[in-house]
Structures are given as structure tokens and as C-alpha cells.
Amino acid sequence: MSLPDAPQKLHRVLSLRDLIFYGIVAVTPSAPATIFGLAEVKSRGHVVVTILGAMVAMVLTAISYGRMAAVYPSAGSAYAYVSRGIHPYVGFFAGWAMLLDYVFIPLFCVIYGTLSLQRAVPWLPFWLGALLFAGGMTFVNLRGIRYTARANEVMLVFMFGVLISFIVLATKYLVAQHGVGGLFSVQPFYNPATFSPRDIASATSFAALTYLGFDAVTTLAEDVKNPRRNVMLAAVFTCVFTGLFGGLLVYLAHLAWPDYTTFANVETAFIDVTGRVGGPVLFQAMAILLVVANIGAGLTSQVGAARLLFGMGRENVIPRRIFAQLHPVRNTPWINILLLGVLAFCGAQVLSYELTAELLNFGAFLGFMGVNLAVIWGFWLRPNPARKRSFLLDLLLPGAGFLFCLVIWLGLSQPAKIAGSIWLVVGILVLAAHTRQFRDPMVMTDPSVYE
């Protein structure tokens with residue numbers, strides 16, 4: 001397939017409604033259920049605090065993403081924003097760090113989705129479940145972005161049906177056990193017997209996984225109508241909704257199962273909670289929901305990863321002839337989608353649930369910090385002469401977002417930091433090769449080309 005002289009670009013076919021659906025499915029409304037058990041154990045019973053604490057960092061970062069998308073409405077996300085907002089070399093490392101995140105989200109979805117499927121179908125071999133997940137996600141995404149958006153809406157309806165059922169049944173269970181007063185407790189927020197700021201900070205670094213995927217909406221800045229307005233609205237709405245709805249889910253789950261030391265299966269503890277409040281029917285429904293949720297998250301994250309690779313390939317930071325190819329009919333970066341599907345299946349055979357989750361956060365929060373710095377650099381330190389600087393929008397909010405993300409990143413485990421650092425060293429070697437040992441500049445395409 002030969003490359004045309006003009007840069008290839010995607011088509012603007014998605015509405016704000018599509019983007020919001022995409023963002024919520026990318027994060028998944030059931031994301032807190034995915035991290036509930038381990039976050040509850042790590043925080044010693046304060047999972048609600050970790051969810052709400054991470055929400056602050058994510059909302060501030062979502063605002064920064066939206067502001068950069070308004071200026072540079074093209075595919076590439078953190079890579080494009082930091083490259084153009086600060087410097088192409090810095091942008092490369094932001095994109096390289098986020099690439100670790102985007103590549104590992106489909107992998108994480110394959111791992112956790114298969115674990116959830118095995119709760120419903122215990123006889124299923126792990127490798128077969130992983131193959132079904134990775135293969136199914138890849139097939140749907142190869143069909144095109146409109147197909148993915150419609151599939152997301154169907155899955156979202158099912159997920160909300162099960163989760164609302166859990167809220168209703170958990171409420172009935174608590175009232176039956178403890179009366180109306182059983183619905184209200186400060187213990188999920190502060191239990192003096194187990195409260196530890198250090199443990200909560202460490203758990204928040206893990207629980208932040210709840211929000212990963214919100215930035216996937218920015219990778220579709222070249223697919224969405226009116227990106228200067230709609231990307232920020234969709235990103236902020238996704239984070240706020242996830243924090244409040246997710247906080248309610250884990251609050252009720254904690255009240256229904258307050259002793260986190262008695263979880264039989266920490267990774268899928270939320271499924272056991274649903275069995276306690278709703279019996280075997282809700283138990284099976286929640287297992288199926290987590291399978292569906294991870295299909296949805298895997299679909300959207302694979303799309304985001306493919307577009308990040310497309311953005312970097314189009315700039316020839318990574319080989320253009322491989323990564324900047326679009327399917328002539330479906331307008332999808334089809335080679336990238338296939339590569340990500342293979343990586344998700346193979347990685348699921350060798351990596352654990354917890355390490356994969358922390359590696360996601362390693363890359364994601366480096367990218368998030370880069371985007372917050374890009375706002376400060378581009379809007380406060382080097383403002384447009386035609387625009388008056390705003391202390392609140394240009395410095396305070398992105399500065400706070402950077403600091404919150406830094407604290408979360410510092411709380412990651414040592415193995416995740418070591419593995420992530422190896423990934424960054426590989427990035428240095430790639431950049432050195434691309435720029436002849438940093439002697440050549442990285443030339444960014446004018447973003448107006450993609451309007």
C-alpha cells in the first residue's frame with residue numbers, strides 16, 4: 001500500500017454523545033469493581049477515599065487535556081500535546097510513557113476479563129479465554145470507529161442495568177440487616193483503627209487505575225466533531241461521573257462486606273460481595289458484567305493505542321510505513337490494531353494482574369504530568385500575545401494536577417518503577433536512533449493539516 005504525499009487523516013464522524021459514551025465505556029462504570037479487593041486491602045478498608053482522592057487528580061488533568069485538544073485537535077494525545085506545547089523531544093517521552101499505558105490497558109482487560117469469566121465458567125482454560133478476548137476486540141476494532149461506538153452503547157446499557165441492580169439490592173440488604181441507619185457510616189471514609197495516610201496514598205496509586213482510559217477520548221480528537229469544545233467536556237464528565245458513581249459502588253460494597261481480611265479471592269472480591277447481597281443470580285450477572293466491561297474497555301483502549309501509534313508514526317517518530325497506515329475502506333490504523341491484539345494475548349500468558357495494573361499507572365501518570373506541564377508552558381510561560389494569562393486556568397489548576405499526579409506516581413511499587421524505567425531507557429535508544437544521537441530535530445506536522 002503506497003503512501004500519498006499528503007498526510008493521512010481520520011474523518012470527523014463522532015458527536016459529543018458518542019465521545020461521552022466512548023469515555024465512560026473506556027473507563028467502564030464498573031471500573032471500581034475491578035480494583036475493589038486489592039485497593040480495599042492496600043488502604044486497610046478505605047477504598048472510597050482512594051477513589052475520591054484519585055478523582056481530584058483526574059479532573060484537573062482532564063481539564064488540561066481538554067485545553068490542549070482545543071489548540072491541537074489531532075490524533076496523538078499526550079505525545080502531540082507535549083511535543084507542541086513544550087518540545088518534540090519531551091513530547092516523545094510523554095508519548096512513549098503513554099504508549100506503555102495504552103498497550104497495557106488491552107492486556108489488563110484480557111487478564112481481568114478472563115479471570116472474571118473463569119468465576120462464571122470455572123472449567124475454561126485461561127489461554128482460551130485470553131484468546132477469545134484479544135481476538136474479539138481486534139475483530140470489532142478492525143470494522144471501524146462507527147462500529148466500535150455502536151458496540152459501546154449496547155454494552156453500556158447492559159452494564160448500567162446490572163450495576164443499578166447491585167445498588168438496589170445492596171441497599172435492601174443493608175436495611176434488612178441494620179435498618180435504615182445501616183446505609184450511613186463514616187467508616188469507609190475514616191476508621192481510626194486502620195487509618196494510615198501512607199497506606200491510603202499507596203492504595204490511591206493503585207486505585208487510580210479506575211480512571212485510566214478517560215484520556216482515550218482525546219486520542220479521538222481527529223474523529224470527533226467540534227473537538228475544541230467536545231473533547232474537554234467529554235473528558236471532565238467521564239472523570240466526575242466515574243468518581244461519584246464508582247464511589248457509591250465501593251461505599252455500598254464496603255458496608256456489605258466490611259472485613260477486607262476475609263476476602264476469598266482478592267482480585268474478584270466485588271463479585272463475592274454481589275453474591276452476598278443478591279444471591280447466585282446477581283453473582284453470575286456481575287461476573288458476566290465484568291467480562292463485558294473488560295471487552296468494552298479493551299475495545300476503546302485498543303482504539304486509543306492504535307491512534308497514538310498512528311500519531312507517532314505519521315510524524316515518522318516510529319516507522320511510518322508500518323504505523324501510519326490506514327485501511328483504504330474502513331479508515332482504521334489496521335496494522336496497529338492487529339499488533340496490539342497479538343501483544344494483549346501473549347502478554348496475558350506471562351504477566352500478573354497486579355503488576356500489569358501498576359505498569360499501566362507508571363506510564364499513564366508520567367504522560368498526565370507532561371500534559372499538565374504543557375498547559376503551564378504553553379499558556380502561562382509562553383502565552384499567546386493576543387490572549388490574557390489566567391492565574392487560575394494557566395498555572396494553578398494544571399500545577400495542582402501535576403502535583404497530584406506526581407504523588408500518585410511516587411506511590412507505585414518498586415517492581416513497577418523498575419520495569420517502567422527499563423521501558424524509558426528503551427525509549428531513549430529509539431529517540432537517539434531516530435535523531436542521529438540527538439543531533440537532528442524532530443519536525444512536527446502543522447496541526448491545521450488535520451483539521
# chains A, B, ... in the order shown; residues from 1 in each chain; ligands from 1
$ select_by_dssp --residues "region 288-403 of chain A" --states "helix (DSSP H, G or I)" --output "JSON, numbers by chain"
{"A": [288, 289, 290, 291, 292, 293, 294, 295, 296, 297, 298, 299, 300, 301, 302, 303, 304, 305, 306, 307, 308, 309, 310, 311, 312, 313, 314, 320, 321, 322, 323, 334, 335, 336, 337, 338, 339, 340, 341, 342, 343, 344, 345, 346, 347, 348, 353, 354, 355, 356, 357, 358, 359, 360, 361, 362, 363, 364, 365, 366, 367, 368, 369, 370, 371, 372, 373, 374, 375, 376, 377, 378, 379, 380, 381, 391, 392, 393, 394, 395, 396, 397, 398, 399, 400, 401, 402, 403]}
$ atom_distance --atom1 "CA of Leu128 (chain A)" --atom2 "CA of Met98 (chain A)"
28.6 Å
$ residues_around --residues "Trp127 (chain A)" --least-positions-apart "3" --cutoff "12 Å" --atoms "only C-alpha atoms" --output "count of residues only"
22
$ closest_residue --among "A:Pro125, A:Pro415, A:Pro441, A:Gly45" --to "Ala357 (chain A)" --atoms "only C-alpha atoms"
A:Pro415
$ residues_around --residues "region 283-297 of chain A" --least-positions-apart "3" --cutoff "6 Å" --atoms "only C-alpha atoms" --output "list in words"
Val25, Ala26, Thr28, Cys109, Gly113, Ser116, Leu117, Ala120, Met159, Ile271, Thr274, Gly275, Pro280, Thr300 and Ser301 of chain A
$ write_last_selection --atoms "all heavy atoms" --output "mmCIF file, in the first residue's frame"
data_model
loop_
_atom_site.group_PDB
_atom_site.id
_atom_site.type_symbol
_atom_site.label_atom_id
_atom_site.label_comp_id
_atom_site.auth_asym_id
_atom_site.auth_seq_id
_atom_site.Cartn_x
_atom_site.Cartn_y
_atom_site.Cartn_z
ATOM 1 N N VAL A 25 -17.303 4.079 28.590
ATOM 2 C CA VAL A 25 -17.008 2.666 28.335
ATOM 3 C C VAL A 25 -15.506 2.409 28.437
ATOM 4 O O VAL A 25 -15.075 1.354 28.913
ATOM 5 C CB VAL A 25 -17.548 2.230 26.960
ATOM 6 C CG1 VAL A 25 -17.112 0.814 26.627
ATOM 7 C CG2 VAL A 25 -19.068 2.303 26.956
ATOM 8 N N ALA A 26 -14.684 3.378 27.995
ATOM 9 C CA ALA A 26 -13.228 3.223 28.092
ATOM 10 C C ALA A 26 -12.814 3.044 29.545
ATOM 11 O O ALA A 26 -11.979 2.202 29.881
ATOM 12 C CB ALA A 26 -12.523 4.421 27.471
ATOM 13 N N THR A 28 -15.112 2.391 31.941
ATOM 14 C CA THR A 28 -16.155 1.438 32.347
ATOM 15 C C THR A 28 -16.752 1.839 33.699
ATOM 16 O O THR A 28 -16.008 2.102 34.651
ATOM 17 C CB THR A 28 -15.690 -0.037 32.432
ATOM 18 O OG1 THR A 28 -15.000 -0.275 33.635
ATOM 19 C CG2 THR A 28 -14.890 -0.434 31.225
ATOM 20 N N CYS A 109 -7.168 -5.711 30.372
ATOM 21 C CA CYS A 109 -8.561 -6.112 30.143
ATOM 22 C C CYS A 109 -8.661 -7.591 29.789
ATOM 23 O O CYS A 109 -9.600 -8.282 30.219
ATOM 24 C CB CYS A 109 -9.176 -5.265 29.026
ATOM 25 S SG CYS A 109 -9.424 -3.535 29.483
ATOM 26 N N GLY A 113 -10.572 -9.663 32.449
ATOM 27 C CA GLY A 113 -11.784 -10.206 31.843
ATOM 28 C C GLY A 113 -11.798 -11.724 31.880
ATOM 29 O O GLY A 113 -12.831 -12.348 32.150
ATOM 30 N N SER A 116 -12.499 -12.919 35.422
ATOM 31 C CA SER A 116 -13.931 -12.788 35.713
ATOM 32 C C SER A 116 -14.725 -13.878 35.015
ATOM 33 O O SER A 116 -15.661 -14.455 35.590
ATOM 34 C CB SER A 116 -14.432 -11.407 35.267
ATOM 35 O OG SER A 116 -13.748 -10.375 35.939
ATOM 36 N N LEU A 117 -14.364 -14.177 33.779
ATOM 37 C CA LEU A 117 -15.059 -15.224 33.036
ATOM 38 C C LEU A 117 -14.886 -16.576 33.711
ATOM 39 O O LEU A 117 -15.823 -17.399 33.755
ATOM 40 C CB LEU A 117 -14.526 -15.270 31.600
ATOM 41 C CG LEU A 117 -15.219 -16.230 30.627
ATOM 42 C CD1 LEU A 117 -16.700 -15.898 30.508
ATOM 43 C CD2 LEU A 117 -14.547 -16.176 29.259
ATOM 44 N N ALA A 120 -17.436 -17.338 36.346
ATOM 45 C CA ALA A 120 -18.717 -17.804 35.823
ATOM 46 C C ALA A 120 -18.591 -19.169 35.157
ATOM 47 O O ALA A 120 -19.521 -19.984 35.197
ATOM 48 C CB ALA A 120 -19.276 -16.785 34.832
ATOM 49 N N MET A 159 -24.298 -2.902 31.253
ATOM 50 C CA MET A 159 -23.518 -2.661 32.469
ATOM 51 C C MET A 159 -24.311 -1.859 33.489
ATOM 52 O O MET A 159 -24.333 -2.177 34.681
ATOM 53 C CB MET A 159 -22.206 -1.955 32.120
ATOM 54 C CG MET A 159 -21.174 -2.866 31.489
ATOM 55 S SD MET A 159 -19.549 -2.083 31.324
ATOM 56 C CE MET A 159 -19.749 -1.156 29.818
ATOM 57 N N ILE A 271 -17.241 -9.442 43.039
ATOM 58 C CA ILE A 271 -18.202 -10.457 42.601
ATOM 59 C C ILE A 271 -18.775 -11.193 43.817
ATOM 60 O O ILE A 271 -19.976 -11.480 43.890
ATOM 61 C CB ILE A 271 -17.548 -11.445 41.623
ATOM 62 C CG1 ILE A 271 -17.071 -10.713 40.368
ATOM 63 C CG2 ILE A 271 -18.518 -12.561 41.235
ATOM 64 C CD1 ILE A 271 -16.343 -11.594 39.371
ATOM 65 N N THR A 274 -21.390 -9.072 45.556
ATOM 66 C CA THR A 274 -22.685 -9.115 44.882
ATOM 67 C C THR A 274 -23.428 -10.410 45.193
ATOM 68 O O THR A 274 -24.656 -10.418 45.294
ATOM 69 C CB THR A 274 -22.526 -8.985 43.351
ATOM 70 O OG1 THR A 274 -21.737 -10.061 42.852
ATOM 71 C CG2 THR A 274 -21.873 -7.675 42.986
ATOM 72 N N GLY A 275 -22.672 -11.506 45.363
ATOM 73 C CA GLY A 275 -23.304 -12.758 45.759
ATOM 74 C C GLY A 275 -23.926 -12.662 47.137
ATOM 75 O O GLY A 275 -24.995 -13.235 47.393
ATOM 76 N N PRO A 280 -27.040 -15.963 43.979
ATOM 77 C CA PRO A 280 -26.313 -16.509 42.823
ATOM 78 C C PRO A 280 -26.652 -15.829 41.499
ATOM 79 O O PRO A 280 -25.808 -15.773 40.601
ATOM 80 C CB PRO A 280 -26.725 -17.987 42.803
ATOM 81 C CG PRO A 280 -27.960 -18.076 43.643
ATOM 82 C CD PRO A 280 -27.851 -16.995 44.660
ATOM 83 N N THR A 300 -12.044 0.093 23.455
ATOM 84 C CA THR A 300 -11.745 1.518 23.381
ATOM 85 C C THR A 300 -10.262 1.805 23.599
ATOM 86 O O THR A 300 -9.694 2.676 22.948
ATOM 87 C CB THR A 300 -12.578 2.289 24.412
ATOM 88 O OG1 THR A 300 -12.434 1.664 25.694
ATOM 89 C CG2 THR A 300 -14.051 2.272 24.053
ATOM 90 N N SER A 301 -9.629 1.065 24.507
ATOM 91 C CA SER A 301 -8.207 1.305 24.745
ATOM 92 C C SER A 301 -7.369 0.842 23.559
ATOM 93 O O SER A 301 -6.341 1.452 23.234
ATOM 94 C CB SER A 301 -7.753 0.611 26.027
ATOM 95 O OG SER A 301 -7.960 -0.785 25.948
#
$ closest_residue --among "A:Leu359, A:Leu16, A:Ile167, A:Leu326" --to "Trp423 (chain A)" --atoms "only C-alpha atoms"
A:Leu359
$ closest_atom_pairs --of "region 247-280 of chain A" --to "region 173-187 of chain A" --cutoff "9 Å" --atoms "only C-alpha atoms" --output "CSV"
residue,atom,partner,partner_atom,distance
A:Leu252,CA,A:Leu183,CA,7.8
A:Leu255,CA,A:Leu174,CA,7.6
A:Ala256,CA,A:Leu174,CA,6.6
A:Arg276,CA,A:Tyr173,CA,8.7
A:Val277,CA,A:Tyr173,CA,5.7
A:Gly278,CA,A:Tyr173,CA,8.2
$ residues_around --residues "Tyr211 (chain A)" --least-positions-apart "4" --cutoff "9 Å" --atoms "only C-alpha atoms" --output "list in words"
Ala26, Val27, Thr28, Ala31, Pro32, Ile51, Ala54, Met55, Met58, Ala207, Asp215, Thr238, Cys239, Thr242 and Gly243 of chain A
$ write_last_selection --atoms "C-alpha atoms" --output "compact mmCIF listing (two decimals), in the first residue's frame"
# COMPACT_ATOMS: atom_id res chain seq x y z
CA ALA A 26 -13.23 3.22 28.09
CA VAL A 27 -13.10 3.72 31.86
CA THR A 28 -16.15 1.44 32.35
CA ALA A 31 -14.00 0.02 36.97
CA PRO A 32 -14.13 0.34 40.79
CA ILE A 51 -11.39 6.54 44.59
CA ALA A 54 -7.72 9.95 42.58
CA MET A 55 -10.74 11.73 41.09
CA MET A 58 -8.00 13.12 37.13
CA ALA A 207 -6.94 2.74 42.71
CA ASP A 215 -7.79 10.26 28.11
CA THR A 238 -16.10 10.98 32.29
CA CYS A 239 -13.86 11.58 35.33
CA THR A 242 -16.61 7.72 37.33
CA GLY A 243 -15.59 9.15 40.70
$ residues_around --residues "Ile418 (chain A)" --least-positions-apart "5" --cutoff "12 Å" --atoms "only C-alpha atoms" --output "list in words"
Leu355, Glu358, Leu359, Phe362, Leu412, Ser413, Trp423, Leu424 and Val425 of chain A
$ residues_around --residues "Phe438 (chain A)" --least-positions-apart "6" --cutoff "12 Å" --atoms "only C-alpha atoms" --output "NGL selection string"
:A and (88-89 or 428-432)
